[in-house]
Amino acid sequence: MDAEAVMYAKASYKPRVPESKSVEAMIESDKKDFREQSPGVVISEVNALVTSDGQVLRSLTFIPSEQGNWERVSYGEEGDFYLIFTVSARNKAAYEKALPAYEALIHAYREKL
């Protein structure tokens with residue numbers, strides 16, 4: 001893949017991830033995984049993002065201390081699913097350039113048409 005930045009979304013069916021009892025548990029699991037895969041990663045909670053139907057998604061950044069991807073991940077719930085929206089970039093410039101589109105994607109998202 002040659003893209004400097006990518007955005008993607010994932011909906012995890014809650015019964016298939018029984019180890020995650022809540023959005024908070026998913027966040028803690030992601031933090032643990034990032035720390036194991038990228039020692040020195042700086043993890044920060046940033047402003048929540050709101051979908052078009054008013055759901056507030058918690059957002060965290062995962063910034064490498066040396067090499068690695070710059071990421072922002074936003075978490076929420078929808079019925080029987082956990083929602084995870086991610087923007088991932090190879091460097092700070094690509095990350096900052098992709099953020100407006102990422103935020104627009106989340107602001108436009110809605111559960112039902």
# chains A, B, ... in the order shown; residues from 1 in each chain; ligands from 1
$ select_by_dssp --residues "region 67-106 of chain A" --states "helix (DSSP H, G or I)" --output "list in words"
Lys92, Ala93, Ala94, Tyr95, Glu96, Lys97, Ala98, Leu99, Pro100, Ala101, Tyr102, Glu103, Ala104, Leu105 and Ile106 of chain A
$ residues_around --residues "Arg35 (chain A)" --least-positions-apart "6" --cutoff "10 Å" --atoms "only C-alpha atoms" --output "PyMOL selection string"
chain A and resi 29+41-43+62+64
$ write_last_selection --atoms "C-alpha atoms" --output "PDB file, in the first residue's frame"
ATOM      1  CA  SER A  29      -7.002  -3.457  25.553  1.00  0.00           C
ATOM      2  CA  VAL A  41       4.121   5.327  22.309  1.00  0.00           C
ATOM      3  CA  VAL A  42       2.406   8.426  23.683  1.00  0.00           C
ATOM      4  CA  ILE A  43      -1.295   7.763  24.288  1.00  0.00           C
ATOM      5  CA  PHE A  62      -1.382   6.973  19.608  1.00  0.00           C
ATOM      6  CA  PRO A  64       5.061   7.001  18.182  1.00  0.00           C
TER       7      PRO A  64
END
$ select_by_dssp --residues "chain A" --states "strand (DSSP E)" --output "PyMOL selection string"
chain A and resi 5-13+42-50+56-63+70-78+81-89
$ residues_around --residues "Lys14 (chain A)" --least-positions-apart "3" --cutoff "7 Å" --atoms "only C-alpha atoms" --output "PyMOL selection string"
chain A and resi 17-18+80-82
$ closest_residue --among "A:Ile84, A:Ile63, A:Leu49, A:Leu57" --to "Tyr13 (chain A)" --atoms "only C-alpha atoms"
A:Ile84
$ residues_around --residues "Asp2 (chain A)" --least-positions-apart "4" --cutoff "12 Å" --atoms "only C-alpha atoms" --output "ChimeraX atom specification"
/A:6,89-90
$ write_last_selection --atoms "C-alpha atoms" --output "short mmCIF file (atom, residue, chain, number, x, y, z; two decimals), in the first residue's frame"
data_model
loop_
_atom_site.label_atom_id
_atom_site.label_comp_id
_atom_site.auth_asym_id
_atom_site.auth_seq_id
_atom_site.Cartn_x
_atom_site.Cartn_y
_atom_site.Cartn_z
CA VAL A 6 -5.71 5.49 5.66
CA ALA A 89 -0.63 7.79 8.91
CA ARG A 90 3.03 7.14 8.26
#
$ residues_around --residues "Glu4 (chain A)" --least-positions-apart "4" --cutoff "10 Å" --atoms "only C-alpha atoms" --output "JSON, numbers by chain"
{"A": [69, 88, 89, 90, 91, 93, 94, 95, 97, 98]}
$ atom_distance --atom1 "CA of Ser38 (chain A)" --atom2 "CA of Ala104 (chain A)"
28.1 Å
$ closest_residue --among "A:Gly54, A:Pro100, A:Gly40, A:Gly76" --to "Lys10 (chain A)" --atoms "only C-alpha atoms"
A:Gly76
